[in-house]
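Undergrad: What follows is upload_1.cif, made up of mmCIF, N, CA and C atoms:
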```cif
data_entry
loop_
_atom_site.label_atom_id
_atom_site.label_comp_id
_atom_site.auth_asym_id
_atom_site.auth_seq_id
_atom_site.Cartn_x
_atom_site.Cartn_y
_atom_site.Cartn_z
N MET W 1 128.68 127.83 60.77
CA MET W 1 128.74 129.22 60.48
C MET W 1 129.62 129.42 59.25
N SER W 2 129.16 130.25 58.35
CA SER W 2 129.93 130.44 57.13
C SER W 2 131.11 131.37 57.38
N LYS W 3 132.04 131.33 56.44
CA LYS W 3 133.24 132.15 56.58
C LYS W 3 132.90 133.64 56.59
N ARG W 4 131.90 134.04 55.79
CA ARG W 4 131.51 135.44 55.70
C ARG W 4 130.96 135.92 57.04
N ILE W 5 130.11 135.14 57.67
CA ILE W 5 129.52 135.52 58.95
C ILE W 5 130.59 135.54 60.03
N ALA W 6 131.50 134.58 59.99
CA ALA W 6 132.57 134.53 60.97
C ALA W 6 133.47 135.76 60.84
N PHE W 7 133.76 136.17 59.62
CA PHE W 7 134.59 137.36 59.40
C PHE W 7 133.90 138.61 59.92
N LYS W 8 132.59 138.74 59.62
CA LYS W 8 131.83 139.91 60.09
C LYS W 8 131.78 139.93 61.61
N GLU W 9 131.65 138.80 62.22
CA GLU W 9 131.59 138.71 63.68
C GLU W 9 132.95 139.12 64.29
N GLN W 10 134.02 138.64 63.69
CA GLN W 10 135.35 139.01 64.19
C GLN W 10 135.60 140.52 63.99
N LEU W 11 135.14 141.02 62.88
CA LEU W 11 135.28 142.45 62.61
C LEU W 11 134.51 143.27 63.65
N ARG W 12 133.30 142.84 63.98
CA ARG W 12 132.48 143.54 64.97
C ARG W 12 133.14 143.48 66.35
N ARG W 13 133.64 142.32 66.71
CA ARG W 13 134.26 142.15 68.03
C ARG W 13 135.56 142.97 68.17
N ASN W 14 136.26 143.11 67.08
CA ASN W 14 137.55 143.80 67.13
C ASN W 14 137.52 145.21 66.53
N ALA W 15 136.35 145.75 66.37
CA ALA W 15 136.21 147.08 65.76
C ALA W 15 136.98 148.15 66.53
N VAL W 16 136.88 148.13 67.83
CA VAL W 16 137.56 149.13 68.65
C VAL W 16 139.08 149.01 68.46
N ALA W 17 139.59 147.79 68.45
CA ALA W 17 141.02 147.58 68.26
C ALA W 17 141.47 148.05 66.88
N LEU W 18 140.68 147.76 65.86
CA LEU W 18 141.02 148.18 64.50
C LEU W 18 140.98 149.70 64.36
N ILE W 19 139.96 150.32 64.95
CA ILE W 19 139.86 151.79 64.90
C ILE W 19 141.05 152.40 65.65
N SER W 20 141.39 151.84 66.80
CA SER W 20 142.54 152.33 67.56
C SER W 20 143.82 152.21 66.76
N LEU W 21 143.99 151.12 66.03
CA LEU W 21 145.18 150.92 65.20
C LEU W 21 145.25 151.97 64.10
N VAL W 22 144.13 152.23 63.44
CA VAL W 22 144.09 153.24 62.38
C VAL W 22 144.41 154.62 62.95
N VAL W 23 143.84 154.96 64.09
CA VAL W 23 144.10 156.26 64.72
C VAL W 23 145.58 156.37 65.10
N ALA W 24 146.14 155.31 65.65
CA ALA W 24 147.55 155.33 66.06
C ALA W 24 148.47 155.51 64.86
N VAL W 25 148.24 154.77 63.79
CA VAL W 25 149.08 154.89 62.60
C VAL W 25 148.94 156.27 61.97
N THR W 26 147.72 156.77 61.90
CA THR W 26 147.48 158.11 61.35
C THR W 26 148.17 159.18 62.20
N SER W 27 148.04 159.07 63.50
CA SER W 27 148.67 160.04 64.41
C SER W 27 150.18 160.00 64.29
N LEU W 28 150.75 158.82 64.23
CA LEU W 28 152.20 158.68 64.09
C LEU W 28 152.67 159.28 62.76
N SER W 29 151.93 159.02 61.71
CA SER W 29 152.30 159.57 60.40
C SER W 29 152.25 161.09 60.41
N TYR W 30 151.17 161.67 60.95
CA TYR W 30 151.05 163.12 61.01
C TYR W 30 152.16 163.72 61.87
N ASN W 31 152.41 163.11 63.03
CA ASN W 31 153.42 163.62 63.93
C ASN W 31 154.81 163.61 63.28
N THR W 32 155.11 162.55 62.57
CA THR W 32 156.39 162.46 61.86
C THR W 32 156.49 163.54 60.79
N TRP W 33 155.43 163.70 60.01
CA TRP W 33 155.42 164.74 58.98
C TRP W 33 155.58 166.13 59.60
N ARG W 34 154.85 166.40 60.67
CA ARG W 34 154.91 167.71 61.31
C ARG W 34 156.31 167.98 61.88
N ASN W 35 156.93 166.96 62.48
CA ASN W 35 158.29 167.13 63.00
C ASN W 35 159.28 167.44 61.88
N GLU W 36 159.14 166.74 60.76
CA GLU W 36 160.03 167.00 59.61
C GLU W 36 159.82 168.41 59.08
N ALA W 37 158.57 168.83 58.97
CA ALA W 37 158.28 170.18 58.47
C ALA W 37 158.81 171.24 59.45
N SER W 38 158.64 171.00 60.73
CA SER W 38 159.14 171.95 61.73
C SER W 38 160.66 172.04 61.69
N GLU W 39 161.33 170.91 61.56
CA GLU W 39 162.80 170.91 61.48
C GLU W 39 163.28 171.65 60.23
N HIS W 40 162.60 171.41 59.11
CA HIS W 40 162.95 172.12 57.87
C HIS W 40 162.79 173.63 58.07
N ASN W 41 161.67 174.05 58.63
CA ASN W 41 161.43 175.47 58.85
C ASN W 41 162.44 176.06 59.82
N ARG W 42 162.77 175.32 60.87
CA ARG W 42 163.76 175.79 61.84
C ARG W 42 165.12 175.99 61.16
N ASN W 43 165.51 175.04 60.32
CA ASN W 43 166.79 175.16 59.60
C ASN W 43 166.76 176.35 58.64
N GLN W 44 165.66 176.53 57.93
CA GLN W 44 165.55 177.64 57.00
C GLN W 44 165.64 178.98 57.74
N ARG W 45 164.97 179.06 58.89
CA ARG W 45 165.02 180.30 59.68
C ARG W 45 166.44 180.58 60.17
N LEU W 46 167.08 179.57 60.72
CA LEU W 46 168.42 179.75 61.27
C LEU W 46 169.41 180.21 60.20
N VAL W 47 169.39 179.55 59.05
CA VAL W 47 170.31 179.91 57.97
C VAL W 47 169.93 181.28 57.40
N SER W 48 168.65 181.57 57.30
CA SER W 48 168.22 182.88 56.79
C SER W 48 168.70 184.01 57.67
N ILE W 49 168.60 183.82 58.97
CA ILE W 49 169.08 184.86 59.90
C ILE W 49 170.58 185.04 59.76
N GLU W 50 171.30 183.96 59.60
CA GLU W 50 172.75 184.05 59.42
C GLU W 50 173.08 184.77 58.11
N VAL W 51 172.33 184.49 57.06
CA VAL W 51 172.55 185.18 55.78
C VAL W 51 172.27 186.68 55.93
N LEU W 52 171.17 187.02 56.62
CA LEU W 52 170.85 188.44 56.82
C LEU W 52 171.96 189.14 57.62
N ARG W 53 172.49 188.48 58.62
CA ARG W 53 173.58 189.05 59.41
C ARG W 53 174.80 189.31 58.52
N ASN W 54 175.12 188.33 57.68
CA ASN W 54 176.27 188.49 56.78
C ASN W 54 176.02 189.57 55.73
N LEU W 55 174.79 189.67 55.26
CA LEU W 55 174.48 190.74 54.30
C LEU W 55 174.66 192.12 54.94
N GLY W 56 174.28 192.23 56.20
CA GLY W 56 174.50 193.49 56.92
C GLY W 56 175.98 193.82 57.03
N GLU W 57 176.79 192.81 57.33
CA GLU W 57 178.24 193.02 57.41
C GLU W 57 178.80 193.42 56.05
N LEU W 58 178.30 192.77 54.99
CA LEU W 58 178.78 193.10 53.65
C LEU W 58 178.40 194.53 53.28
N GLN W 59 177.21 194.94 53.64
CA GLN W 59 176.79 196.30 53.34
C GLN W 59 177.68 197.30 54.08
N GLN W 60 178.04 196.98 55.30
CA GLN W 60 178.94 197.84 56.05
C GLN W 60 180.31 197.92 55.38
N VAL W 61 180.82 196.80 54.89
CA VAL W 61 182.10 196.78 54.18
C VAL W 61 182.01 197.64 52.92
N VAL W 62 180.92 197.49 52.19
CA VAL W 62 180.74 198.27 50.95
C VAL W 62 180.72 199.75 51.26
N PHE W 63 179.96 200.14 52.29
CA PHE W 63 179.89 201.56 52.65
C PHE W 63 181.26 202.10 53.06
N HIS W 64 181.99 201.33 53.85
CA HIS W 64 183.33 201.78 54.27
C HIS W 64 184.27 201.89 53.07
N LEU W 65 184.24 200.89 52.20
CA LEU W 65 185.14 200.91 51.04
C LEU W 65 184.80 202.05 50.08
N HIS W 66 183.50 202.26 49.87
CA HIS W 66 183.12 203.24 48.85
C HIS W 66 183.07 204.67 49.39
N TYR W 67 182.43 204.84 50.54
CA TYR W 67 182.20 206.19 51.02
C TYR W 67 183.28 206.68 51.97
N ASP W 68 183.72 205.82 52.88
CA ASP W 68 184.70 206.26 53.88
C ASP W 68 186.13 206.11 53.39
N GLN W 69 186.38 205.04 52.68
CA GLN W 69 187.72 204.71 52.23
C GLN W 69 188.69 204.82 53.40
N ASP W 70 188.26 204.25 54.51
CA ASP W 70 189.00 204.34 55.77
C ASP W 70 189.86 203.10 55.95
N LEU W 71 191.12 203.21 55.63
CA LEU W 71 192.03 202.08 55.74
C LEU W 71 192.41 201.80 57.19
N ASP W 72 192.23 202.78 58.07
CA ASP W 72 192.55 202.57 59.48
C ASP W 72 191.61 201.55 60.12
N MET W 73 190.44 201.35 59.56
CA MET W 73 189.47 200.41 60.14
C MET W 73 189.76 198.98 59.71
N MET W 74 190.80 198.79 58.90
CA MET W 74 191.18 197.45 58.44
C MET W 74 190.07 196.79 57.61
N ILE W 75 189.32 197.61 56.89
CA ILE W 75 188.30 197.10 55.99
C ILE W 75 188.94 197.01 54.61
N ASN W 76 188.87 195.85 54.01
CA ASN W 76 189.42 195.70 52.67
C ASN W 76 188.54 194.76 51.86
N PRO W 77 188.75 194.72 50.56
CA PRO W 77 187.90 193.87 49.71
C PRO W 77 187.96 192.38 50.07
N ARG W 78 189.05 191.92 50.65
CA ARG W 78 189.13 190.50 51.05
C ARG W 78 188.10 190.18 52.13
N THR W 79 187.83 191.15 53.00
CA THR W 79 186.78 190.97 53.99
C THR W 79 185.44 190.79 53.28
N GLY W 80 185.20 191.62 52.28
CA GLY W 80 183.97 191.49 51.49
C GLY W 80 183.88 190.15 50.78
N TRP W 81 185.01 189.71 50.22
CA TRP W 81 185.02 188.41 49.55
C TRP W 81 184.66 187.29 50.51
N ALA W 82 185.22 187.34 51.71
CA ALA W 82 184.92 186.29 52.70
C ALA W 82 183.43 186.27 53.03
N ILE W 83 182.84 187.43 53.16
CA ILE W 83 181.41 187.50 53.48
C ILE W 83 180.57 187.03 52.31
N VAL W 84 180.90 187.47 51.11
CA VAL W 84 180.15 187.06 49.91
C VAL W 84 180.19 185.55 49.74
N LEU W 85 181.35 184.96 49.92
CA LEU W 85 181.48 183.51 49.77
C LEU W 85 180.72 182.77 50.87
N THR W 86 180.70 183.33 52.07
CA THR W 86 179.93 182.71 53.16
C THR W 86 178.44 182.76 52.85
N VAL W 87 177.96 183.90 52.37
CA VAL W 87 176.55 184.02 51.99
C VAL W 87 176.22 183.02 50.89
N ASN W 88 177.10 182.90 49.92
CA ASN W 88 176.89 181.97 48.82
C ASN W 88 176.80 180.53 49.34
N ASP W 89 177.69 180.17 50.24
CA ASP W 89 177.68 178.81 50.81
C ASP W 89 176.41 178.56 51.63
N LEU W 90 176.04 179.52 52.46
CA LEU W 90 174.85 179.35 53.30
C LEU W 90 173.58 179.25 52.45
N ALA W 91 173.54 180.02 51.37
CA ALA W 91 172.34 180.04 50.53
C ALA W 91 172.08 178.71 49.85
N MET W 92 173.11 177.88 49.73
CA MET W 92 172.94 176.58 49.07
C MET W 92 171.96 175.67 49.81
N VAL W 93 171.76 175.88 51.10
CA VAL W 93 170.82 175.04 51.84
C VAL W 93 169.44 175.66 51.94
N LEU W 94 169.28 176.86 51.40
CA LEU W 94 167.98 177.52 51.42
C LEU W 94 167.17 177.16 50.18
N GLU W 95 165.88 177.41 50.28
CA GLU W 95 164.98 177.10 49.17
C GLU W 95 165.25 178.04 48.00
N ALA W 96 164.91 177.55 46.81
CA ALA W 96 165.03 178.36 45.60
C ALA W 96 164.12 179.58 45.73
N PRO W 97 164.48 180.68 45.20
CA PRO W 97 165.58 181.01 44.30
C PRO W 97 166.82 181.56 45.01
N LEU W 98 166.93 181.36 46.32
CA LEU W 98 168.05 181.96 47.06
C LEU W 98 169.43 181.52 46.59
N PRO W 99 169.65 180.25 46.25
CA PRO W 99 170.99 179.92 45.75
C PRO W 99 171.38 180.72 44.49
N GLU W 100 170.41 180.92 43.60
CA GLU W 100 170.68 181.67 42.38
C GLU W 100 170.90 183.15 42.69
N THR W 101 170.12 183.68 43.63
CA THR W 101 170.27 185.09 44.00
C THR W 101 171.62 185.34 44.66
N ALA W 102 172.05 184.42 45.51
CA ALA W 102 173.36 184.56 46.16
C ALA W 102 174.49 184.42 45.14
N GLU W 103 174.30 183.56 44.17
CA GLU W 103 175.31 183.42 43.11
C GLU W 103 175.39 184.70 42.30
N ASN W 104 174.24 185.34 42.07
CA ASN W 104 174.23 186.62 41.37
C ASN W 104 174.98 187.68 42.19
N LEU W 105 174.78 187.68 43.51
CA LEU W 105 175.51 188.61 44.38
C LEU W 105 177.02 188.37 44.26
N ARG W 106 177.43 187.12 44.26
CA ARG W 106 178.85 186.79 44.11
C ARG W 106 179.39 187.29 42.77
N SER W 107 178.62 187.11 41.72
CA SER W 107 179.03 187.55 40.39
C SER W 107 179.14 189.08 40.32
N VAL W 108 178.15 189.76 40.89
CA VAL W 108 178.18 191.23 40.90
C VAL W 108 179.36 191.73 41.72
N TRP W 109 179.61 191.10 42.87
CA TRP W 109 180.77 191.47 43.69
C TRP W 109 182.07 191.27 42.90
N ASP W 110 182.14 190.13 42.21
CA ASP W 110 183.33 189.81 41.42
C ASP W 110 183.59 190.89 40.36
N ASP W 111 182.52 191.38 39.76
CA ASP W 111 182.66 192.39 38.70
C ASP W 111 182.95 193.79 39.23
N ASN W 112 182.61 194.06 40.49
CA ASN W 112 182.62 195.44 40.96
C ASN W 112 183.47 195.73 42.19
N TRP W 113 183.97 194.76 42.91
CA TRP W 113 184.66 195.02 44.17
C TRP W 113 185.87 195.95 44.01
N ASN W 114 186.57 195.81 42.89
CA ASN W 114 187.79 196.60 42.70
C ASN W 114 187.50 198.04 42.27
N LYS W 115 186.25 198.37 41.99
CA LYS W 115 185.88 199.73 41.60
C LYS W 115 185.25 200.52 42.75
N LEU W 116 185.03 199.85 43.88
CA LEU W 116 184.42 200.55 45.01
C LEU W 116 185.35 201.67 45.45
N GLY W 117 184.75 202.83 45.71
CA GLY W 117 185.53 204.00 46.10
C GLY W 117 185.82 204.91 44.94
N ARG W 118 185.66 204.39 43.70
CA ARG W 118 185.96 205.21 42.52
C ARG W 118 184.78 205.34 41.57
N ASP W 119 183.86 204.37 41.61
CA ASP W 119 182.79 204.32 40.61
C ASP W 119 181.45 204.14 41.32
N ASP W 120 180.58 205.14 41.18
CA ASP W 120 179.27 205.07 41.83
C ASP W 120 178.40 203.94 41.27
N ALA W 121 178.57 203.63 39.99
CA ALA W 121 177.78 202.55 39.39
C ALA W 121 178.12 201.20 40.03
N SER W 122 179.36 201.03 40.42
CA SER W 122 179.75 199.76 41.04
C SER W 122 179.09 199.59 42.40
N VAL W 123 179.07 200.65 43.21
CA VAL W 123 178.43 200.54 44.52
C VAL W 123 176.93 200.32 44.35
N GLU W 124 176.34 200.97 43.37
CA GLU W 124 174.90 200.79 43.13
C GLU W 124 174.59 199.36 42.70
N ALA W 125 175.44 198.77 41.88
CA ALA W 125 175.22 197.39 41.44
C ALA W 125 175.36 196.42 42.61
N VAL W 126 176.37 196.61 43.44
CA VAL W 126 176.57 195.73 44.59
C VAL W 126 175.41 195.86 45.56
N ILE W 127 175.00 197.09 45.86
CA ILE W 127 173.89 197.31 46.80
C ILE W 127 172.60 196.74 46.23
N ALA W 128 172.37 196.86 44.93
CA ALA W 128 171.16 196.30 44.32
C ALA W 128 171.15 194.77 44.44
N ALA W 129 172.28 194.13 44.20
CA ALA W 129 172.36 192.67 44.34
C ALA W 129 172.19 192.26 45.80
N LEU W 130 172.77 193.05 46.69
CA LEU W 130 172.64 192.78 48.12
C LEU W 130 171.19 192.91 48.55
N GLU W 131 170.51 193.95 48.12
CA GLU W 131 169.10 194.15 48.46
C GLU W 131 168.21 193.07 47.85
N ALA W 132 168.53 192.62 46.64
CA ALA W 132 167.75 191.55 46.03
C ALA W 132 167.87 190.26 46.85
N THR W 133 169.07 189.99 47.33
CA THR W 133 169.27 188.81 48.18
C THR W 133 168.52 188.97 49.49
N ARG W 134 168.61 190.14 50.09
CA ARG W 134 167.91 190.41 51.34
C ARG W 134 166.39 190.25 51.15
N ASP W 135 165.86 190.77 50.05
CA ASP W 135 164.42 190.65 49.78
C ASP W 135 164.00 189.19 49.63
N GLU W 136 164.82 188.39 48.97
CA GLU W 136 164.51 186.96 48.82
C GLU W 136 164.50 186.25 50.18
N VAL W 137 165.43 186.61 51.04
CA VAL W 137 165.47 186.00 52.38
C VAL W 137 164.22 186.39 53.16
N HIS W 138 163.84 187.66 53.08
CA HIS W 138 162.62 188.10 53.77
C HIS W 138 161.40 187.36 53.23
N GLY W 139 161.34 187.18 51.92
CA GLY W 139 160.23 186.44 51.32
C GLY W 139 160.19 184.99 51.80
N LEU W 140 161.35 184.37 51.88
CA LEU W 140 161.42 182.99 52.38
C LEU W 140 160.91 182.92 53.82
N LEU W 141 161.35 183.84 54.66
CA LEU W 141 160.92 183.83 56.06
C LEU W 141 159.42 184.07 56.19
N ARG W 142 158.87 184.93 55.36
CA ARG W 142 157.41 185.18 55.41
C ARG W 142 156.61 183.97 55.00
N ASN W 143 157.16 183.15 54.10
CA ASN W 143 156.41 182.01 53.56
C ASN W 143 156.57 180.71 54.34
N LEU W 144 157.39 180.71 55.38
CA LEU W 144 157.53 179.50 56.19
C LEU W 144 156.28 179.27 57.00
N ASP W 145 155.98 178.00 57.24
CA ASP W 145 154.79 177.64 58.05
C ASP W 145 155.00 177.99 59.50
#
```
Have the structure of the file written as structure tokens, please.

TA:
Amino acid sequence: MSKRIAFKEQLRRNAVALISLVVAVTSLSYNTWRNEASEHNRNQRLVSIEVLRNLGELQQVVFHLHYDQDLDMMINPRTGWAIVLTVNDLAMVLEAPLPETAENLRSVWDDNWNKLGRDDASVEAVIAALEATRDEVHGLLRNLD
């Protein structure tokens, strides 16, 4: 029997085993990919929700500082700084363009925090940067698988 016929015969006899091997490797590869994608999406969702929560707190600080100017509530710009820096740190693990948007929020806060309560343009700039960040987070959440 020639080598070619022997190979074809072995291939025919072991076809089920070879097909099973291909199916197993393909299934394992897909399952691994799907698990990685699911973990990535889970992490993006978790961090996005935390960023949204912090943005809500920052908006509350801005409103108190600008409109209420209520010092009895112990709201001060340092509270805002802590929240802005937390948002900036959290955004670093999110997909683009969120890191850049959060950095813009930090920059706008840096330029305007000391004018809150006295200058309407400053509150408008901070709220606009805050809303831009919020919109980017919403967009990220909508686009996850």

Undergrad: Tell me which of W:Ile83, W:Ala102, W:Val23, W:Arg34 sits closest to Asn54 (chain W), counting only N, CA and C atoms.

TA: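 Going through W:Ile83, W:Ala102, W:Val23, W:Arg34 one by one, the smallest distance to Asn54 (chain W) is for W:Ile83.
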
Undergrad: In Å, with one decimal, what is the gap from atom N of Gln69 (chain W) to CA of Arg118 (chain W)?

TA: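 Answer for the atom N of Gln69 (chain W) to CA of Arg118 (chain W) separation: 10.2 Å.
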
Undergrad: So which residues fall inside 7 Å of (160.1, 174.1, 54.1) if we count only N, CA and C atoms? Mind giving them as a PyMOL selection string?

TA: chain W and resi 37+40-41+144-145

Undergrad: Deliver the residues from the most recent selection as a file, using N, CA and C atoms, as a compact mmCIF listing (two decimals), keeping the file's coordinate frame.

TA:
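This is the output file part.txt:
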```
# COMPACT_ATOMS: atom_id res chain seq x y z
N ALA W 37 158.57 168.83 58.97
CA ALA W 37 158.28 170.18 58.47
C ALA W 37 158.81 171.24 59.45
N HIS W 40 162.60 171.41 59.11
CA HIS W 40 162.95 172.12 57.87
C HIS W 40 162.79 173.63 58.07
N ASN W 41 161.67 174.05 58.63
CA ASN W 41 161.43 175.47 58.85
C ASN W 41 162.44 176.06 59.82
N LEU W 144 157.39 180.71 55.38
CA LEU W 144 157.53 179.50 56.19
C LEU W 144 156.28 179.27 57.00
N ASP W 145 155.98 178.00 57.24
CA ASP W 145 154.79 177.64 58.05
C ASP W 145 155.00 177.99 59.50
```

Undergrad: Distance CA of Gly117 (chain W)-CA of Leu65 (chain W), one decimal place?

TA: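 Atom-to-atom, CA of Gly117 (chain W) to CA of Leu65 (chain W), that is 5.8 Å.
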
Undergrad: Trp109 (chain W): which residues within 8 Å, counting all atoms listed in the file, same-chain residues fewer than 5 positions away excluded, as a short mmCIF file (atom, residue, chain, number, x, y, z; two decimals) with N, CA and C atoms, in the frame of the given file?

TA:
```cif
data_model
loop_
_atom_site.label_atom_id
_atom_site.label_comp_id
_atom_site.auth_asym_id
_atom_site.auth_seq_id
_atom_site.Cartn_x
_atom_site.Cartn_y
_atom_site.Cartn_z
N GLY W 80 185.20 191.62 52.28
CA GLY W 80 183.97 191.49 51.49
C GLY W 80 183.88 190.15 50.78
N TRP W 81 185.01 189.71 50.22
CA TRP W 81 185.02 188.41 49.55
C TRP W 81 184.66 187.29 50.51
N VAL W 84 180.90 187.47 51.11
CA VAL W 84 180.15 187.06 49.91
C VAL W 84 180.19 185.55 49.74
N GLU W 103 174.30 183.56 44.17
CA GLU W 103 175.31 183.42 43.11
C GLU W 103 175.39 184.70 42.30
N ASN W 104 174.24 185.34 42.07
CA ASN W 104 174.23 186.62 41.37
C ASN W 104 174.98 187.68 42.19
N ASN W 114 186.57 195.81 42.89
CA ASN W 114 187.79 196.60 42.70
C ASN W 114 187.50 198.04 42.27
N ALA W 125 175.44 198.77 41.88
CA ALA W 125 175.22 197.39 41.44
C ALA W 125 175.36 196.42 42.61
N VAL W 126 176.37 196.61 43.44
CA VAL W 126 176.57 195.73 44.59
C VAL W 126 175.41 195.86 45.56
N ALA W 129 172.28 194.13 44.20
CA ALA W 129 172.36 192.67 44.34
C ALA W 129 172.19 192.26 45.80
#
```

Undergrad: W:Val123, W:Val16, W:Ala6, W:Val51: which is nearest Phe63 (chain W), counting only N, CA and C atoms?

TA: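 Answer, going by the shortest atom-to-atom distance: W:Val123.
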
Undergrad: Restricting the calculation to only C-alpha atoms, which member of W:Asn88, W:Gln60, W:Ser2, W:Asn76 is positioned closest to Trp113 (chain W)?

TA: W:Asn76
